[in-house]
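**Q** The structure is given below, and queries will be raised subsequently.
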Amino acid sequence: MIRVRDLRVSYGGRVVAHVPELDLPARTVVGIAGESGSGKSQTALALMGLSEYAGARVTGSIALDGEELTTKSPSEWRRIRGRRMGMIMQSPRAALNPTMRLGAVFSRTLKLHGVGGGERASRMRSALDEVVLSPDILQRYPHQVSGGQAQRFAIALVSALRPDVIIADEPTSALDVTVQAEVIEVLRGLRDKHGTALLFISHDLAVISELADSVTVMRQGEVVESGPAGEVLRAPREPYTQALLAAVPVIGRSAS
Ligand SMILES: Nc1ncnc2c1ncn2[C@@H]1O[C@H](COP(=O)(O)OP(=O)(O)OP(=O)(O)O)[C@@H](O)[C@H]1O
Ligand SMILES: [Mg+2]
């Protein structure tokens, strides 16, 4: 599990994300909500050890099963990313090489992370099965699949490496509502089947309410409210969370 304490991400002297406390146990979904620029993606990048590449400085503690990550070298981080932690982004197609068939992308990713030739085909098949994609998709190029298929393929790529933790940054924001629901279902399945811990980032509290066990709300780089999803979404204490909630219909929240 991930345990974050007093995490600060800064550019120059400016802190763009400050998370005093965040726990992400196995088999749970933690949602991070907040308006644009509130520091959600900067938090995600820090958790994946990618802040340095963006030119940011990270202080505080990020521990994975008790192991401190903030002091890891780039090569140690490369081993952690993929096999222990995976990331799903908003536009999966942008991350796919347009000249490679999806099967080649998949095979290369598994090889890069040390999955042997004999095992690759079966891993691909079961991962595609979990995201409800037919193996035919492996013959296609990125431009030949829909946005929802591309996102489910990206999830299969990540989950085939069987990470303990998946960080998903606005994974459904570029999709229309029915396709959003499919992707949420797929993520819920991974949590249920493999016990994957999921950090689910979205500006949309309705989407977060579908999946999250606990919710952290950010604004201007600071955490303004956090707690069990039921409490935060049904009875938010902070005016900012109330305002975010008032802007969207949240499923399961009664109007009375
Ligand atoms: N390279 C950078 N240099 C300086 N500041 C940056 C840099 N990248 C991001 N920031 C700042 O970090 C803050 C938080 O940005 P972040 O991308 O985490 O927001 P977000 O909550 O993910 O927003 P969105 O919902 O739009 O994705 C913003 O104020 C942004 O201007
Ligand atoms: Mg973002």
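The chains in the structure tokens are called A, B, ... from first to last as shown; in each chain the residues are counted from 1, and the ligands are counted from 1 in the order shown.
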Would you mind listing, for every residue of chain A within 10 Å of ligand 1, the two atoms forming the shortest contact and the distance between them in Å to one decimal, using only C-alpha atoms and all ligand atoms, sorted by chain and ascending residue number, as a tab-separated table?

**A**
residue	atom	partner	partner_atom_place_in_ligand_line	distance
A:Val9	CA	ligand 1	12 (O)	8.6
A:Ser10	CA	ligand 1	5 (N)	7.7
A:Tyr11	CA	ligand 1	4 (C)	5.2
A:Gly12	CA	ligand 1	4 (C)	7.9
A:Gly13	CA	ligand 1	4 (C)	9.9
A:Arg14	CA	ligand 1	5 (N)	7.8
A:Val15	CA	ligand 1	12 (O)	8.0
A:Val16	CA	ligand 1	12 (O)	4.6
A:Ala17	CA	ligand 1	14 (C)	6.6
A:Ile32	CA	ligand 1	21 (O)	9.0
A:Ala33	CA	ligand 1	21 (O)	7.9
A:Gly34	CA	ligand 1	21 (O)	6.2
A:Glu35	CA	ligand 1	25 (O)	5.5
A:Ser36	CA	ligand 1	25 (O)	3.4
A:Gly37	CA	ligand 1	19 (O)	3.3
A:Ser38	CA	ligand 1	21 (O)	3.8
A:Gly39	CA	ligand 1	18 (O)	3.2
A:Lys40	CA	ligand 1	21 (O)	3.8
A:Ser41	CA	ligand 1	22 (O)	3.6
A:Gln42	CA	ligand 1	18 (O)	3.8
A:Thr43	CA	ligand 1	18 (O)	6.4
A:Ala44	CA	ligand 1	18 (O)	7.9
A:Leu45	CA	ligand 1	18 (O)	8.4
A:Ala46	CA	ligand 1	18 (O)	10.0
A:Ser51	CA	ligand 1	1 (N)	9.2
A:Tyr53	CA	ligand 1	1 (N)	9.4
A:Ala54	CA	ligand 1	1 (N)	5.6
A:Gly55	CA	ligand 1	1 (N)	6.3
A:Ala56	CA	ligand 1	1 (N)	7.0
A:Gln90	CA	ligand 1	27 (O)	9.2
A:Asp169	CA	ligand 1	22 (O)	7.9
A:Glu170	CA	ligand 1	27 (O)	7.6
A:Ser173	CA	ligand 1	25 (O)	9.7
A:Ile201	CA	ligand 1	22 (O)	8.3
A:Ser202	CA	ligand 1	25 (O)	7.1
A:His203	CA	ligand 1	25 (O)	5.7
A:Asp204	CA	ligand 1	25 (O)	9.3
A:Met218	CA	ligand 1	21 (O)	7.6
A:Arg219	CA	ligand 1	21 (O)	7.9
A:Gln220	CA	ligand 1	29 (O)	7.0
A:Gly221	CA	ligand 1	14 (C)	6.4

**Q** If you run DSSP on the backbone here, which positions in segment 35-144 of chain A get alpha helix (DSSP H)? Please write them as an MDAnalysis selection string.

**A** chainID A and resid 40:47 51:54 74:83 92:95 102:112 117:130

**Q** Could you name the residues that touch Arg78 of chain A at 12 Å or less, counting only C-alpha atoms, but leaving out those on the same chain fewer than 5 positions away, as a list of chain:residue names?

**A**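 Using only C-alpha atoms, the neighbours found are A:Met48, A:Gly49, A:Leu50, A:Leu69, A:Lys72, A:Ser73, A:Arg83, A:Arg84, A:Met85, A:Gly86, A:Leu112, A:His113.
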
**Q** Could you save the residues just selected, with C-alpha atoms, as a short mmCIF file (atom, residue, chain, number, x, y, z; two decimals), in the first residue's frame?

**A**
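Ended up saving to again_10.cif:
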data_model
loop_
_atom_site.label_atom_id
_atom_site.label_comp_id
_atom_site.auth_asym_id
_atom_site.auth_seq_id
_atom_site.Cartn_x
_atom_site.Cartn_y
_atom_site.Cartn_z
CA MET A 48 4.96 7.86 -10.10
CA GLY A 49 8.42 9.38 -9.62
CA LEU A 50 8.02 11.53 -12.72
CA LEU A 69 10.31 6.02 -2.78
CA LYS A 72 15.01 6.20 -5.33
CA SER A 73 17.32 6.66 -8.30
CA ARG A 83 5.68 -3.82 -12.30
CA ARG A 84 4.55 -2.33 -8.98
CA MET A 85 2.78 0.86 -10.02
CA GLY A 86 1.03 1.64 -13.26
CA LEU A 112 10.52 -4.48 -21.50
CA HIS A 113 9.22 -5.42 -18.05
#

**Q** Pick out the residues sitting within 9 Å of Leu96 of chain A, and hand them over as an mmCIF file with C-alpha atoms, in the first residue's frame; count only C-alpha atoms, and ignore anything fewer than 2 positions along from it in its own chain.

**A**
data_model
loop_
_atom_site.group_PDB
_atom_site.id
_atom_site.type_symbol
_atom_site.label_atom_id
_atom_site.label_comp_id
_atom_site.auth_asym_id
_atom_site.auth_seq_id
_atom_site.Cartn_x
_atom_site.Cartn_y
_atom_site.Cartn_z
ATOM 1 C CA PRO A 92 -4.303 6.823 -24.241
ATOM 2 C CA ARG A 93 -4.069 7.222 -27.993
ATOM 3 C CA ALA A 94 -1.530 10.014 -27.624
ATOM 4 C CA PRO A 98 0.720 5.446 -34.442
ATOM 5 C CA THR A 99 2.923 3.263 -36.659
ATOM 6 C CA MET A 100 2.785 0.168 -34.449
ATOM 7 C CA LEU A 102 -1.436 -2.723 -30.780
ATOM 8 C CA VAL A 105 2.968 -2.381 -28.502
ATOM 9 C CA PRO A 142 -4.183 3.099 -32.833
ATOM 10 C CA ALA A 150 -7.995 2.750 -26.737
ATOM 11 C CA ALA A 154 -4.253 1.145 -22.117
#

**Q** May I ask for the distance between atom CA of Ile62 of chain A and atom CA of Asp213 of chain A, given in Å to one decimal place?

**A** 20.4 Å

**Q** So, with only C-alpha atoms and all ligand atoms as the atoms that count, which of A:Trp77, A:Arg120, A:Pro171, A:Ser61 lies closest to ligand 2?

**A** A:Pro171

**Q** Residues at most 12 Å from Ser134 of chain A, counting only C-alpha atoms, excluding those fewer than 6 positions away in the same chain, as a compact mmCIF listing (two decimals) with C-alpha atoms, in the first residue's frame?

**A**
# COMPACT_ATOMS: atom_id res chain seq x y z
CA GLY A 103 -0.15 -6.30 -30.56
CA MET A 124 -2.18 -10.46 -23.26
CA ARG A 125 -5.20 -12.69 -23.75
CA SER A 126 -6.28 -12.60 -20.11
CA ALA A 127 -5.68 -8.84 -19.79
CA LEU A 128 -7.75 -8.15 -22.93
CA ARG A 140 -5.10 -2.90 -35.44
CA VAL A 145 -9.87 1.88 -32.58
CA GLN A 149 -11.31 0.86 -26.90
CA ARG A 152 -9.48 -0.11 -22.28
CA PHE A 153 -6.40 -1.23 -24.20
CA ALA A 156 -4.99 -3.87 -20.23

**Q** Might you pull out every residue within 8 Å of Leu211 of chain A, with only C-alpha atoms counted and same-chain residues fewer than 6 positions away left off, and present them as an MDAnalysis selection string?

**A** chainID A and resid 29 31 184 188

**Q** What's the 10 Å shell around Thr241 of chain A, counting only C-alpha atoms, without same-chain residues fewer than 6 positions away, as a list in words?

**A** Ala33, Gly34, Leu205, Thr216, Val217, Met218, Arg219, Val224, Glu225, Ser226, Val232, Leu233, Ala235 and Ala247 of chain A

**Q** Could you dump the residues just selected with N, CA and C atoms as a compact mmCIF listing (two decimals), in the first residue's frame?

**A**
# COMPACT_ATOMS: atom_id res chain seq x y z
N ALA A 33 -10.36 14.82 -6.17
CA ALA A 33 -11.19 15.72 -6.95
C ALA A 33 -10.65 17.14 -6.79
N GLY A 34 -11.11 18.02 -7.65
CA GLY A 34 -10.70 19.41 -7.53
C GLY A 34 -10.70 20.07 -8.90
N LEU A 205 -16.96 14.91 -9.67
CA LEU A 205 -17.32 14.17 -8.45
C LEU A 205 -18.35 13.07 -8.70
N THR A 216 -10.36 12.73 -1.56
CA THR A 216 -9.56 13.87 -1.17
C THR A 216 -9.90 15.00 -2.13
N VAL A 217 -10.24 16.15 -1.58
CA VAL A 217 -10.60 17.29 -2.43
C VAL A 217 -9.48 18.32 -2.37
N MET A 218 -8.99 18.73 -3.54
CA MET A 218 -7.89 19.70 -3.59
C MET A 218 -8.35 21.02 -4.20
N ARG A 219 -7.69 22.08 -3.73
CA ARG A 219 -7.94 23.39 -4.32
C ARG A 219 -6.67 24.21 -4.20
N VAL A 224 -8.36 20.40 0.79
CA VAL A 224 -9.33 21.14 1.60
C VAL A 224 -10.23 20.21 2.41
N GLU A 225 -10.39 18.97 1.95
CA GLU A 225 -11.24 18.04 2.68
C GLU A 225 -10.89 16.63 2.26
N SER A 226 -10.92 15.69 3.21
CA SER A 226 -10.73 14.29 2.83
C SER A 226 -11.43 13.41 3.84
N VAL A 232 -17.87 12.47 2.71
CA VAL A 232 -17.49 13.67 1.96
C VAL A 232 -18.54 14.02 0.91
N LEU A 233 -19.10 13.00 0.26
CA LEU A 233 -20.04 13.27 -0.83
C LEU A 233 -21.45 13.54 -0.33
N ALA A 235 -22.21 14.59 2.99
CA ALA A 235 -22.27 15.71 3.94
C ALA A 235 -20.94 16.45 3.97
N ALA A 247 -22.45 21.43 -8.41
CA ALA A 247 -22.30 21.57 -9.86
C ALA A 247 -22.60 20.29 -10.63

**Q** Report, in Å to a single decimal, how far apart atom CA of Glu67 of chain A and atom CA of Pro163 of chain A are.

**A** 15.6 Å

**Q** Please determine, counting only C-alpha atoms, which residue among A:Ser107, A:His18, A:Ser214, A:Leu64 has the shortest atom-to-atom distance to Ile2 of chain A.

**A**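 Among the listed residues, A:Leu64 lies closest to Ile2 of chain A.
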
**Q** Using only C-alpha atoms for the distances, tell me which of A:Thr178, A:Thr70, A:Ser209, A:Ser159 is nearest to Leu190 of chain A.

**A**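 Residue with the minimum atom-to-atom distance to Leu190 of chain A: A:Ser159.
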
**Q** Quick check, in Å to one decimal: how far apart do atom CA of Leu175 of chain A and atom CA of Gln139 of chain A lie?

**A**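 Spanning atom CA of Leu175 of chain A to atom CA of Gln139 of chain A is a straight-line distance of 23.1 Å.
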
**Q** With only C-alpha atoms as the basis for distance, which of A:Pro239, A:Gly195, A:Pro74, A:Gly114 is at the shortest distance from Leu24 of chain A?

**A**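 The shortest atom-to-atom distance to Leu24 of chain A comes from A:Gly195.
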
**Q** Taking into account only C-alpha atoms and all ligand atoms, which residue in the set A:Ala181, A:Met89, A:Ala26, A:Asp192 is nearest to ligand 2?

**A**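 Looking only at the distances to ligand 2, the closest residue turns out to be A:Met89.
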
**Q** Between A:Glu210, A:Ala243, A:Ala168, A:Val186, which is the closest to ligand 2 once you count only C-alpha atoms and all ligand atoms?

**A**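 Selected residue with least distance to ligand 2: A:Ala168.
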